[in-house]
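Here is the file final.csv (CSV, C-alpha atoms and all ligand atoms).
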```
chain,number,residue,atom,x,y,z
U,1,MET,CA,0.0,0.0,0.0
U,2,MET,CA,3.1,2.2,0.3
U,3,SER,CA,5.2,3.9,-2.4
U,4,TRP,CA,8.3,2.0,-1.2
U,5,ALA,CA,9.2,-1.6,-0.7
U,6,ALA,CA,9.7,-3.1,2.8
U,7,HIS,CA,13.4,-2.8,3.8
U,8,THR,CA,15.4,-5.9,3.6
U,9,ASP,CA,18.7,-4.5,4.8
U,10,PRO,CA,19.6,-2.0,7.6
U,11,SER,CA,21.4,0.2,5.0
U,12,GLN,CA,18.0,0.9,3.4
U,13,THR,CA,16.7,2.2,6.8
U,14,LEU,CA,19.8,4.3,7.3
U,15,ALA,CA,19.4,5.8,3.8
U,16,PHE,CA,15.8,6.6,4.7
U,17,ILE,CA,16.8,8.3,8.0
U,18,ALA,CA,19.4,10.3,6.0
U,19,TRP,CA,16.7,11.3,3.6
U,20,THR,CA,14.4,12.5,6.5
U,21,ARG,CA,17.3,14.6,7.8
U,22,ASP,CA,17.8,16.2,4.4
U,23,GLY,CA,14.0,16.9,4.2
U,24,ILE,CA,14.0,18.7,7.6
U,25,ALA,CA,17.1,20.6,6.6
U,26,ASN,CA,15.5,21.7,3.3
U,27,GLY,CA,12.2,22.4,4.8
U,28,THR,CA,10.4,20.0,2.4
U,29,ASP,CA,9.6,17.0,4.6
U,30,VAL,CA,9.2,16.2,8.3
U,31,VAL,CA,9.0,12.6,9.4
U,32,TRP,CA,8.5,11.3,12.9
U,33,ALA,CA,9.1,7.7,14.3
U,34,ILE,CA,6.1,6.3,16.1
U,35,GLU,CA,7.5,4.8,19.3
U,36,VAL,CA,5.7,2.2,21.5
U,37,ASP,CA,7.5,0.8,24.6
U,38,GLY,CA,10.8,2.2,23.4
U,39,ARG,CA,10.7,0.7,20.0
U,40,ALA,CA,10.2,2.4,16.6
U,41,VAL,CA,7.1,0.8,15.2
U,42,GLY,CA,6.2,3.1,12.3
U,43,THR,CA,6.6,6.5,10.8
U,44,ILE,CA,4.3,9.4,10.0
U,45,GLY,CA,5.2,12.5,8.1
U,46,LEU,CA,4.3,15.6,6.1
U,47,ASP,CA,5.9,15.4,2.7
U,48,GLY,CA,6.2,17.9,-0.2
U,49,ILE,CA,5.9,20.9,2.2
U,50,GLN,CA,5.4,23.9,-0.1
U,51,PHE,CA,4.7,27.5,0.7
U,52,ALA,CA,5.3,29.3,-2.5
U,53,MET,CA,4.9,28.3,-6.2
U,54,ARG,CA,6.2,31.2,-8.3
U,55,ALA,CA,3.6,34.0,-7.6
U,56,TRP,CA,1.2,31.7,-5.7
U,57,ARG,CA,1.1,30.9,-2.0
U,58,VAL,CA,0.0,27.2,-1.6
U,59,ASP,CA,1.1,26.4,2.0
U,60,SER,CA,0.4,22.7,1.7
U,61,ALA,CA,1.8,19.3,2.5
U,62,GLU,CA,0.9,15.6,2.0
U,63,LEU,CA,0.3,13.3,5.0
U,64,GLY,CA,1.7,9.8,4.9
U,65,TYR,CA,2.0,7.0,7.5
U,66,TRP,CA,2.5,3.3,8.3
U,67,ILE,CA,2.6,1.2,11.5
U,68,ALA,CA,3.7,-2.4,12.1
U,69,PRO,CA,0.9,-4.9,11.7
U,70,PRO,CA,0.9,-6.2,15.3
U,71,LEU,CA,-0.1,-2.7,16.4
U,72,HIS,CA,-2.9,-2.1,13.9
U,73,GLY,CA,-6.4,-1.3,15.2
U,74,ARG,CA,-5.5,0.4,18.5
U,75,GLY,CA,-6.2,3.9,17.3
U,76,LEU,CA,-2.5,4.7,17.3
U,77,MET,CA,-2.3,6.2,13.8
U,78,THR,CA,-5.4,8.3,14.3
U,79,GLU,CA,-3.8,9.7,17.4
U,80,ALA,CA,-0.4,10.2,15.7
U,81,ALA,CA,-2.0,11.9,12.7
U,82,GLN,CA,-4.0,14.3,14.9
U,83,ALA,CA,-0.7,15.4,16.6
U,84,VAL,CA,1.0,15.8,13.2
U,85,MET,CA,-1.9,17.8,11.7
U,86,ARG,CA,-1.8,20.1,14.7
U,87,PHE,CA,1.9,20.5,14.1
U,88,GLY,CA,1.3,21.2,10.4
U,89,PHE,CA,-1.4,23.8,10.9
U,90,ASP,CA,-0.4,25.4,14.2
U,91,THR,CA,3.5,25.2,14.1
U,92,LEU,CA,4.3,25.1,10.3
U,93,GLY,CA,1.4,27.4,9.4
U,94,LEU,CA,0.1,25.2,6.6
U,95,HIS,CA,-3.2,26.2,5.0
U,96,LYS,CA,-4.0,22.7,3.6
U,97,ILE,CA,-3.0,19.1,4.2
U,98,THR,CA,-3.7,16.5,1.5
U,99,VAL,CA,-3.7,12.7,1.8
U,100,GLY,CA,-4.5,9.7,-0.4
U,101,CYS,CA,-4.9,6.0,-0.2
U,102,PHE,CA,-5.5,3.0,-2.4
U,103,ALA,CA,-9.3,2.5,-2.8
U,104,GLU,CA,-8.9,-1.0,-1.3
U,105,ASN,CA,-7.0,0.3,1.8
U,106,VAL,CA,-10.0,0.2,4.1
U,107,ALA,CA,-8.0,0.9,7.3
U,108,SER,CA,-6.3,4.0,5.9
U,109,ARG,CA,-9.5,5.2,4.5
U,110,ARG,CA,-11.1,4.9,7.9
U,111,VAL,CA,-8.2,6.8,9.5
U,112,ILE,CA,-8.6,9.6,6.9
U,113,GLU,CA,-12.4,9.7,7.6
U,114,LYS,CA,-11.9,9.8,11.4
U,115,LEU,CA,-9.5,12.8,10.9
U,116,GLY,CA,-12.3,14.7,9.1
U,117,PHE,CA,-10.7,15.0,5.6
U,118,ARG,CA,-13.0,16.0,2.8
U,119,PRO,CA,-13.0,13.6,-0.2
U,120,ILE,CA,-12.0,15.3,-3.5
U,121,GLY,CA,-12.0,12.5,-5.9
U,122,ARG,CA,-10.8,9.2,-7.2
U,123,ARG,CA,-7.8,8.8,-9.5
U,124,GLU,CA,-8.6,5.7,-11.6
U,125,ASP,CA,-5.7,3.3,-12.3
U,126,ASP,CA,-3.2,5.8,-10.7
U,127,VAL,CA,-0.3,3.6,-9.8
U,128,TRP,CA,1.1,0.2,-11.0
U,129,ARG,CA,2.3,-2.2,-8.4
U,130,ASP,CA,2.4,-6.0,-8.0
U,131,GLY,CA,1.2,-6.6,-11.5
U,132,ARG,CA,-1.8,-4.4,-11.6
U,133,TRP,CA,-3.1,-0.8,-11.6
U,134,TRP,CA,-4.5,0.6,-8.3
U,135,SER,CA,-7.0,3.5,-8.0
U,136,VAL,CA,-6.3,6.1,-5.4
U,137,LEU,CA,-8.8,8.1,-3.3
U,138,ARG,CA,-7.7,11.7,-2.7
U,139,TYR,CA,-8.7,13.9,0.3
U,140,GLU,CA,-7.8,17.4,1.7
U,141,LEU,CA,-8.4,19.5,4.7
U,142,THR,CA,-8.0,23.3,5.1
U,143,THR,CA,-7.0,25.0,8.3
U,144,SER,CA,-10.5,26.4,8.7
U,145,GLU,CA,-12.1,22.9,8.3
U,146,TRP,CA,-9.5,21.6,10.8
U,147,SER,CA,-10.4,24.4,13.3
U,148,ASP,CA,-14.0,23.4,13.0
U,149,ALA,CA,-13.2,19.8,13.7
U,150,SER,CA,-10.9,20.5,16.6
U,151,THR,CA,-13.5,22.9,18.1
U,152,THR,CA,-16.2,20.2,17.8
U,153,MET,CA,-13.8,17.7,19.4
U,154,ARG,CA,-13.1,20.0,22.3
U,155,VAL,CA,-16.8,20.9,22.9
U,156,SER,CA,-17.8,17.2,22.6
U,157,LYS,CA,-15.5,16.2,25.5
U,158,PRO,CA,-17.2,15.6,28.8
U,159,ARG,CA,-17.1,18.8,31.0
U,160,LEU,CA,-15.8,18.7,34.5
U,161,ALA,CA,-18.6,19.2,37.1
U,201,LIG,C1,-3.5,2.3,7.7
U,201,LIG,C2,-2.8,2.2,9.0
U,201,LIG,C3,-1.8,3.2,9.2
U,201,LIG,C4,-3.9,2.3,10.2
U,201,LIG,O1,-3.2,2.4,11.4
U,201,LIG,P1,-4.0,2.0,12.8
U,201,LIG,O2,-3.1,2.4,13.9
U,201,LIG,O3,-4.4,0.6,12.7
U,201,LIG,O4,-5.3,2.9,12.6
U,201,LIG,P2,-6.4,3.2,13.7
U,201,LIG,O5,-6.4,2.1,14.7
U,201,LIG,O6,-6.2,4.6,14.2
U,201,LIG,O7,-7.7,3.2,12.8
U,201,LIG,C5,-8.0,2.1,11.9
U,201,LIG,C6,-9.4,2.0,11.6
U,201,LIG,O8,-9.6,1.2,10.5
U,201,LIG,C7,-10.6,0.2,10.8
U,201,LIG,N1,-10.2,-1.0,10.0
U,201,LIG,C8,-9.1,-1.6,10.0
U,201,LIG,N2,-9.1,-2.7,9.1
U,201,LIG,C9,-10.4,-2.7,8.6
U,201,LIG,C10,-11.1,-3.5,7.7
U,201,LIG,N3,-10.5,-4.6,7.1
U,201,LIG,N4,-12.4,-3.2,7.5
U,201,LIG,C11,-13.0,-2.2,8.1
U,201,LIG,N5,-12.4,-1.4,8.9
U,201,LIG,C12,-11.1,-1.6,9.2
U,201,LIG,C13,-10.4,0.0,12.3
U,201,LIG,O9,-11.5,-0.7,12.8
U,201,LIG,C14,-10.3,1.5,12.7
U,201,LIG,O10,-11.5,2.1,12.7
U,201,LIG,P3,-12.4,2.4,14.0
U,201,LIG,O11,-11.6,3.2,14.9
U,201,LIG,O12,-13.6,3.1,13.5
U,201,LIG,O13,-12.7,1.0,14.6
U,201,LIG,C15,-2.2,0.7,9.2
U,201,LIG,O14,-3.2,-0.2,8.9
U,201,LIG,C16,-1.0,0.5,8.3
U,201,LIG,O15,0.1,0.9,8.6
U,201,LIG,N6,-1.2,-0.1,7.1
U,201,LIG,C17,-0.1,-0.4,6.2
U,201,LIG,C18,0.5,0.9,5.6
U,201,LIG,C19,-0.6,1.8,5.0
U,201,LIG,O16,-1.5,1.4,4.4
U,201,LIG,N7,-0.3,3.1,5.1
U,201,LIG,C20,-1.2,4.2,4.6
U,201,LIG,C21,-1.0,4.3,3.1
U,201,LIG,S1,-2.2,5.5,2.5
```
What does the file become when written as structure tokens?
Amino acid sequence: MMSWAAHTDPSQTLAFIAWTRDGIANGTDVVWAIEVDGRAVGTIGLDGIQFAMRAWRVDSAELGYWIAPPLHGRGLMTEAAQAVMRFGFDTLGLHKITVGCFAENVASRRVIEKLGFRPIGRREDDVWRDGRWWSVLRYELTTSEWSDASTTMRVSKPRLA
């Protein structure tokens, strides 16, 4: 479901870590390790961070994530993504975060829905992998939509007596 293949050698992981450092240094990508009980079990990041495109302001980035199968279904990615989106909007000052998943990726689709992303369409036969074309669902969320969602979440929490 990811754009990369599972690492088969530690050198590939080291190259990935070097790439994340370059991304932070260049201001184009920021990637976090997800840590559970002291072990790195996944990553989440904002890629393609872009503020200007010639005369346009775009202030956008793409959310991406994965977590090891034994930890699926515990709400960890939804929690991690909420923290990363808060960082993107509040700390980086992004205006929009985009995300996409294979149409068959039910778990990722559910995470995206829980985060409040707005669907913007389906790219038919968008990428080739494992001997077939996969269609991709695309979503986005602007800072005002995020504010609405975070306000609703705050208000919906139980109040202290
Ligand atoms: C997608 C992924 C990150 C989700 O991580 P996670 O920590 O399990 O996510 P959460 O627990 O926060 O939420 C998963 C939701 O999907 C639901 N779900 C998972 N598998 C499902 C299935 N087969 N059918 C229906 N719902 C499913 C869970 O029930 C949960 O929803 P709920 O809270 O309403 O019950 C994880 O499955 C993963 O790393 N997959 C492989 C990599 C990948 O696909 N990355 C995303 C690329 S776009």
Hey, what's within 12 Å of U:Val58 if we count only C-alpha atoms and toss same-chain stuff fewer than 2 positions away? As a list in words, please?
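Once the nearby chain positions are removed, what remains is Gly48, Ile49, Gln50, Phe51, Ala52, Met53, Arg54, Ala55, Trp56, Ser60, Ala61, Gly93, Leu94, His95, Lys96, Ile97, Thr98 and Thr142 of chain U.
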Please find the residues contacting ligand LIG 201 (chain U) at a distance of at most 8 Å between atoms, with only C-alpha atoms and all ligand atoms counted, and report them as number ranges by chain.
U: 1-2, 42, 64-69, 71-79, 99-102, 105-111, 114
For a test of reading the model, state the distance in Å between atom CA of U:Ala40 and atom CA of U:Thr28, rounded to one decimal.
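About the pair atom CA of U:Ala40 and atom CA of U:Thr28: they are 22.6 Å apart.
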Computed interatomic separation between atom CA of U:Trp133 and atom CA of U:Phe117 (Å)
24.6 Å
Padding 8 Å on each side, edges along x, y and z: where is the centre of the box around the listed atoms of stretch 93-107 of chain U, and how long are its edges in Å to one decimal? Output it as JSON.
```
{"center_x": -4.3, "center_y": 13.2, "center_z": 3.3, "size_x": 27.4, "size_y": 44.4, "size_z": 28.2}
```
For atom CA of U:Asp90 and atom CA of U:Asp59, determine how far apart the two atoms are, in Å to one decimal place.
12.3 Å
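Counting all atoms listed in the file, the residue from U:Gly131, U:Leu14, U:Leu63, U:Met85 that sits nearest to U:Ser147 is U:Met85.
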Could you add the missing atoms to stretch 6-18 of chain U, up to N, CA and C atoms, and return them as a PDB file, in the coordinates of the input?
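File rebuild06.pdb, as written:
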```pdb
ATOM      1  N   ALA U   6       9.231  -2.851   1.431  1.00  0.00           N
ATOM      2  CA  ALA U   6       9.700  -3.100   2.800  1.00  0.00           C
ATOM      3  C   ALA U   6      11.232  -3.270   2.752  1.00  0.00           C
ATOM      4  N   HIS U   7      11.897  -2.681   3.760  1.00  0.00           N
ATOM      5  CA  HIS U   7      13.400  -2.800   3.800  1.00  0.00           C
ATOM      6  C   HIS U   7      13.813  -4.185   4.071  1.00  0.00           C
ATOM      7  N   THR U   8      14.864  -4.591   3.367  1.00  0.00           N
ATOM      8  CA  THR U   8      15.400  -5.900   3.600  1.00  0.00           C
ATOM      9  C   THR U   8      16.803  -5.868   4.175  1.00  0.00           C
ATOM     10  N   ASP U   9      17.330  -4.639   4.326  1.00  0.00           N
ATOM     11  CA  ASP U   9      18.700  -4.500   4.800  1.00  0.00           C
ATOM     12  C   ASP U   9      18.761  -3.178   5.642  1.00  0.00           C
ATOM     13  N   PRO U  10      19.479  -3.186   6.795  1.00  0.00           N
ATOM     14  CA  PRO U  10      19.600  -2.000   7.600  1.00  0.00           C
ATOM     15  C   PRO U  10      20.085  -0.752   6.823  1.00  0.00           C
ATOM     16  N   SER U  11      20.887  -0.985   5.766  1.00  0.00           N
ATOM     17  CA  SER U  11      21.400   0.200   5.000  1.00  0.00           C
ATOM     18  C   SER U  11      20.273   0.944   4.351  1.00  0.00           C
ATOM     19  N   GLN U  12      19.181   0.244   4.002  1.00  0.00           N
ATOM     20  CA  GLN U  12      18.000   0.900   3.400  1.00  0.00           C
ATOM     21  C   GLN U  12      17.365   1.847   4.439  1.00  0.00           C
ATOM     22  N   THR U  13      17.306   1.366   5.682  1.00  0.00           N
ATOM     23  CA  THR U  13      16.700   2.200   6.800  1.00  0.00           C
ATOM     24  C   THR U  13      17.587   3.371   7.065  1.00  0.00           C
ATOM     25  N   LEU U  14      18.901   3.153   7.072  1.00  0.00           N
ATOM     26  CA  LEU U  14      19.800   4.300   7.300  1.00  0.00           C
ATOM     27  C   LEU U  14      19.710   5.316   6.213  1.00  0.00           C
ATOM     28  N   ALA U  15      19.547   4.850   4.961  1.00  0.00           N
ATOM     29  CA  ALA U  15      19.400   5.800   3.800  1.00  0.00           C
ATOM     30  C   ALA U  15      18.087   6.566   4.009  1.00  0.00           C
ATOM     31  N   PHE U  16      17.039   5.895   4.494  1.00  0.00           N
ATOM     32  CA  PHE U  16      15.800   6.600   4.700  1.00  0.00           C
ATOM     33  C   PHE U  16      15.914   7.643   5.809  1.00  0.00           C
ATOM     34  N   ILE U  17      16.630   7.302   6.889  1.00  0.00           N
ATOM     35  CA  ILE U  17      16.800   8.300   8.000  1.00  0.00           C
ATOM     36  C   ILE U  17      17.629   9.472   7.456  1.00  0.00           C
ATOM     37  N   ALA U  18      18.637   9.210   6.610  1.00  0.00           N
ATOM     38  CA  ALA U  18      19.400  10.300   6.000  1.00  0.00           C
ATOM     39  C   ALA U  18      18.502  11.203   5.174  1.00  0.00           C
TER      40      ALA U  18
END
```
